[in-house]
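Visitor: Take this structure first; my questions come after.
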Amino acid sequence: MKTEGVICVLKPPGMSSSDAVTDVRRVFGEKRVGHTGTLDPAAAGVLPICIGRATRLFDFLVDKRKEYIAELVIGVATDTEDATGSIIACSDKTVTEEELSTALSGFVGEIEQTPPIYSALNLNGVKLYKLARAGEISESLENKKRRISIFELELIRQVEKNRFLIRIVCSKGTYIRTLCKDIGAALGCPAYMGFLLRTKSGAFTLEESYSIAELNQMRDEGTLKDAVIPMDRAIAHVPEIRVSGLSFKKEQLLLHGAGIKFMHEAECLPHRIYLNDEFLGLGEVRDGELKVIVWLGPEEYQIKGMKLDGVVGANRHIGTSMGFPTANLEGYDKRQMPKEGVYATAVVLDGKRYMGVTSIGSNPTVNGSGVTVETHLLDYSGDCYGKPMTVIFVERLRGMIKFPSLDALSKQISTDIDAARSILEKSKYIE
């Protein structure tokens, strides 16, 4: 099952962000998995994780606003600034809701924050929390100060004496632990963060988040795709450009990464690009040309129309012995070669076009060595050795497979031929 998009994990306290990535990789069976920014192990809440080609969207997802609900505990300070640390200071002072509300208003806007020593920031290539645990650093570093933004900060309610729930909307890189400590300092007493729940990360919310247990259950029920947010919806905050009515040539240029003439008032800014209402990826208009710069559309679109030019060379004639003679292409530009697999292709030979099935790979069933490009031409008979040949890729049929026997391979080739003929009989590349 191939999955691409963003999944919102409901991370529990005690799970690291990297642990969540490992679990998602296992649930979806996909190696390309990455989160869009860490969430402290002690914290819970929304952790967006990109799957497949959605990992290319990292730069468009990490700089968004975050929303949290935190418990602010007044009168006690810990060395980690949260409930996991050791107590280092106490106070008998009691804070009222009115006093706290007044103090909170002073933190709204752009402020300077010194990250806690128990953080993942690096010092000389070593994470601060590792140095802190080893006793090699005991106080926060002033040269690590950063400017962050607090957009909203409000008191939700008082839980009990000196314990309050607060809501924070802030920029990327804000340490809520440190914010709680600093709020306490503004009130003249120690403070720490009792717990933290991230309720939003950019456009991603708790309502669309799933625990790992829920994802496992959905996988078993065959409904896992329902949890995946499509790539274009994940970046819905990026403006869009929709094009339609293009000529076939212009469509092919756009699909294969070339620019087409297109006037737009917002040049050089990234946009979601749609062709005939189908999402292609991220693109930009530069110097009056529209070009897709991050391809996220159907992979077969970029294959379609791709060409390899070369000369028919010698081969081992294994295909001939099985009843499926192949032409072995040599002298082509390897930089233009699609990934390994079997494709429906249009083949230009002696000025004529033929339907074909092209295999790219090492032919593992017959213990091949090295990657070859071999094409079985449908409805062709004759000797083409030494002749120029162009292979035009139309659609990928399957990946490269090692079959248990030549008989099994032969049956699959027959299936591939039927599939290719069905595709190519109505293809513009055969006309």
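Please note that chains go A, B, ... in the order of the structure tokens, that every chain numbers its residues from 1, and that ligands are numbered from 1 in the order shown.
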Give me, as number ranges by chain, all polymer residues having an atom no more than 6 Å from A:Gly297, counting only C-alpha atoms and skipping those fewer than 3 positions away in the same chain.
Guide: A: 279-281
Visitor: So that I can see what lies close to A:Ile413, please list as a list in words the residues with an atom at most 12 Å from it, counting only C-alpha atoms and leaving out residues fewer than 4 positions away in the same chain.
Guide: Gly319, Met322, Gly323, Phe324, Pro325, Thr326, Val342, Tyr343, Ala344, Gly356, Val357, Thr358, Ser359, Thr375, His376, Leu378, Leu397, Arg398, Met400, Ile401, Phe403, Leu406, Asp407, Ala408, Leu409, Ile417, Asp418, Ala419 and Ala420 of chain A
Visitor: Please provide as a list in words all residues within 12 Å of A:Met263, with the sequence filter that same-chain residues fewer than 5 positions apart are discarded (counting only C-alpha atoms).
Guide: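 Non-adjacent residues within range: Ile241, Val243, Cys268, Glu284, Val285, Arg286, Asp287, Gly288, Glu289, Leu290 and Lys291 of chain A.
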Visitor: Could the residues in this selection be saved with N, CA and C atoms as a tab-separated table (two decimals), in the first residue's frame?
Guide:
```tsv
chain	number	residue	atom	x	y	z
A	241	ILE	N	-2.46	28.16	-8.28
A	241	ILE	CA	-2.59	28.55	-9.69
A	241	ILE	C	-3.21	27.37	-10.41
A	243	VAL	N	-4.44	25.91	-14.13
A	243	VAL	CA	-4.35	26.11	-15.58
A	243	VAL	C	-5.14	25.00	-16.27
A	268	CYS	N	7.71	34.50	-8.60
A	268	CYS	CA	8.73	33.93	-7.72
A	268	CYS	C	8.19	33.43	-6.38
A	284	GLU	N	6.31	27.97	-9.48
A	284	GLU	CA	6.42	29.41	-9.40
A	284	GLU	C	6.43	30.00	-10.81
A	285	VAL	N	6.10	31.28	-10.87
A	285	VAL	CA	6.19	32.02	-12.12
A	285	VAL	C	7.41	32.92	-12.02
A	286	ARG	N	8.33	32.74	-12.95
A	286	ARG	CA	9.55	33.54	-12.96
A	286	ARG	C	9.82	34.02	-14.39
A	287	ASP	N	9.97	35.32	-14.53
A	287	ASP	CA	10.22	35.92	-15.86
A	287	ASP	C	9.16	35.51	-16.88
A	288	GLY	N	7.92	35.48	-16.41
A	288	GLY	CA	6.82	35.19	-17.32
A	288	GLY	C	6.66	33.73	-17.69
A	289	GLU	N	7.32	32.82	-16.94
A	289	GLU	CA	7.20	31.39	-17.22
A	289	GLU	C	6.75	30.64	-15.96
A	290	LEU	N	5.77	29.77	-16.14
A	290	LEU	CA	5.29	28.92	-15.06
A	290	LEU	C	6.03	27.59	-15.10
A	291	LYS	N	6.53	27.15	-13.94
A	291	LYS	CA	7.30	25.92	-13.88
A	291	LYS	C	7.03	25.21	-12.57
```
Visitor: Out of A:Leu215, A:Ile7, A:Ala191, A:Ile69, which residue has the shortest atom-to-atom distance to A:Ile87 when counting only C-alpha atoms?
Guide: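 When distances to A:Ile87 are compared using only C-alpha atoms, the smallest one comes from A:Ala191.
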Visitor: Applying 10 Å and only C-alpha atoms, which residues near A:Glu207 remain after dropping the ones on its own chain fewer than 2 positions away? List them as a ChimeraX atom specification.
Guide: /A:8,10,46,199-200,204-205,209-210
Visitor: Near A:Ile49, counting only C-alpha atoms, which residues have an atom at most 10 Å away, once you skip same-chain residues fewer than 5 positions from it, shown as a list in words?
Guide: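 Final neighbour list, sorted by chain and number: Gly5, Val6, Ile7, Cys8, Val9, Ser17, Ala20, Val21, Val24, Arg25, Val33, Gly34, His35, Thr36, Gly37, Ala54, Thr55, Phe58 and Val228 of chain A.
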Visitor: How about saving the chosen residues, N, CA and C atoms kept, as a short mmCIF file (atom, residue, chain, number, x, y, z; two decimals), in the first residue's frame?
Guide:
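Okay, this is what ended up in again06.cif:
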```
data_model
loop_
_atom_site.label_atom_id
_atom_site.label_comp_id
_atom_site.auth_asym_id
_atom_site.auth_seq_id
_atom_site.Cartn_x
_atom_site.Cartn_y
_atom_site.Cartn_z
N GLY A 5 1.20 11.76 2.00
CA GLY A 5 0.40 12.80 2.62
C GLY A 5 0.90 13.08 4.01
N VAL A 6 0.05 13.69 4.82
CA VAL A 6 0.41 14.04 6.20
C VAL A 6 -0.54 13.33 7.15
N ILE A 7 0.03 12.73 8.18
CA ILE A 7 -0.77 12.09 9.21
C ILE A 7 -0.54 12.86 10.51
N CYS A 8 -1.62 13.15 11.22
CA CYS A 8 -1.50 13.84 12.51
C CYS A 8 -1.53 12.78 13.62
N VAL A 9 -0.41 12.63 14.28
CA VAL A 9 -0.32 11.69 15.39
C VAL A 9 -0.70 12.40 16.68
N SER A 17 9.35 12.34 19.68
CA SER A 17 8.91 12.56 18.30
C SER A 17 9.52 11.54 17.36
N ALA A 20 7.59 8.36 17.51
CA ALA A 20 6.35 8.46 16.74
C ALA A 20 6.62 8.22 15.26
N VAL A 21 7.73 8.78 14.76
CA VAL A 21 8.11 8.56 13.36
C VAL A 21 8.35 7.08 13.09
N VAL A 24 4.99 5.26 12.92
CA VAL A 24 4.27 5.56 11.68
C VAL A 24 4.92 4.84 10.50
N ARG A 25 6.24 4.80 10.49
CA ARG A 25 6.95 4.08 9.42
C ARG A 25 6.54 2.61 9.40
N VAL A 33 9.57 8.92 5.98
CA VAL A 33 8.69 9.47 7.01
C VAL A 33 9.47 10.48 7.84
N GLY A 34 8.87 11.62 8.14
CA GLY A 34 9.55 12.60 8.97
C GLY A 34 8.55 13.56 9.60
N HIS A 35 8.86 14.02 10.82
CA HIS A 35 7.96 14.96 11.49
C HIS A 35 8.32 16.39 11.09
N THR A 36 7.41 17.31 11.36
CA THR A 36 7.60 18.70 10.95
C THR A 36 8.12 19.57 12.08
N GLY A 37 8.61 18.96 13.14
CA GLY A 37 9.11 19.71 14.28
C GLY A 37 8.84 18.93 15.56
N ALA A 54 5.49 13.61 0.58
CA ALA A 54 5.08 14.75 1.41
C ALA A 54 6.23 15.26 2.26
N THR A 55 7.30 14.46 2.43
CA THR A 55 8.47 14.95 3.16
C THR A 55 9.12 16.13 2.44
N PHE A 58 8.41 19.85 3.89
CA PHE A 58 8.85 20.22 5.23
C PHE A 58 8.98 21.74 5.39
N VAL A 228 -5.14 9.92 6.35
CA VAL A 228 -4.09 10.66 5.65
C VAL A 228 -4.65 11.94 5.03
#
```
Visitor: Can you work out the spacing between atom CA of A:Gly184 and atom CA of A:Leu100 in Å, to one decimal?
Guide: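 Calculated distance between atom CA of A:Gly184 and atom CA of A:Leu100 is 9.0 Å.
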Visitor: From the list A:Pro12, A:Gly259, A:Pro41, A:Pro116, which residue is nearest A:Tyr192 when using only C-alpha atoms?
Guide: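 Smallest distance to A:Tyr192 is found for A:Pro116.
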Visitor: Name the residues of stretch 224-294 of chain A that fall into alpha helix (DSSP H) according to DSSP on the backbone, using the chain letters and numbers of this document, as a list in words.
Guide: Met231, Asp232, Arg233, Ala234, Phe248, Lys249, Lys250, Glu251, Gln252, Leu253, Leu254 and Leu255 of chain A
Visitor: One decimal, Å: what's the distance from atom CA of A:Phe248 over to atom CA of A:Lys261, could you say?
Guide: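 Separating atom CA of A:Phe248 from atom CA of A:Lys261 is a distance of 14.3 Å.
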Visitor: Show which residues sit within 7 Å of A:Gln113, as a compact mmCIF listing (two decimals) with N, CA and C atoms, in the first residue's frame. Count only C-alpha atoms, and ignore same-chain residues fewer than 2 positions away.
Guide:
```txt
# COMPACT_ATOMS: atom_id res chain seq x y z
N ILE A 111 9.10 38.68 21.89
CA ILE A 111 9.87 38.71 23.13
C ILE A 111 11.16 37.93 22.95
N PRO A 115 16.51 29.59 25.84
CA PRO A 115 16.08 28.19 25.91
C PRO A 115 16.59 27.50 27.16
N LYS A 145 20.09 33.02 23.27
CA LYS A 145 18.81 33.73 23.28
C LYS A 145 18.24 33.85 21.88
N ARG A 146 16.93 33.83 21.79
CA ARG A 146 16.25 33.94 20.50
C ARG A 146 15.02 34.81 20.67
N ARG A 147 14.60 35.39 19.55
CA ARG A 147 13.38 36.19 19.56
C ARG A 147 12.24 35.32 19.03
N ILE A 148 11.18 35.26 19.81
CA ILE A 148 10.01 34.48 19.43
C ILE A 148 8.78 35.38 19.54
```
Visitor: One decimal, Å: what's the distance from atom CA of A:Gly14 over to atom CA of A:Ala44, could you say?
Guide: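 Between these atoms lies a distance of 8.3 Å.
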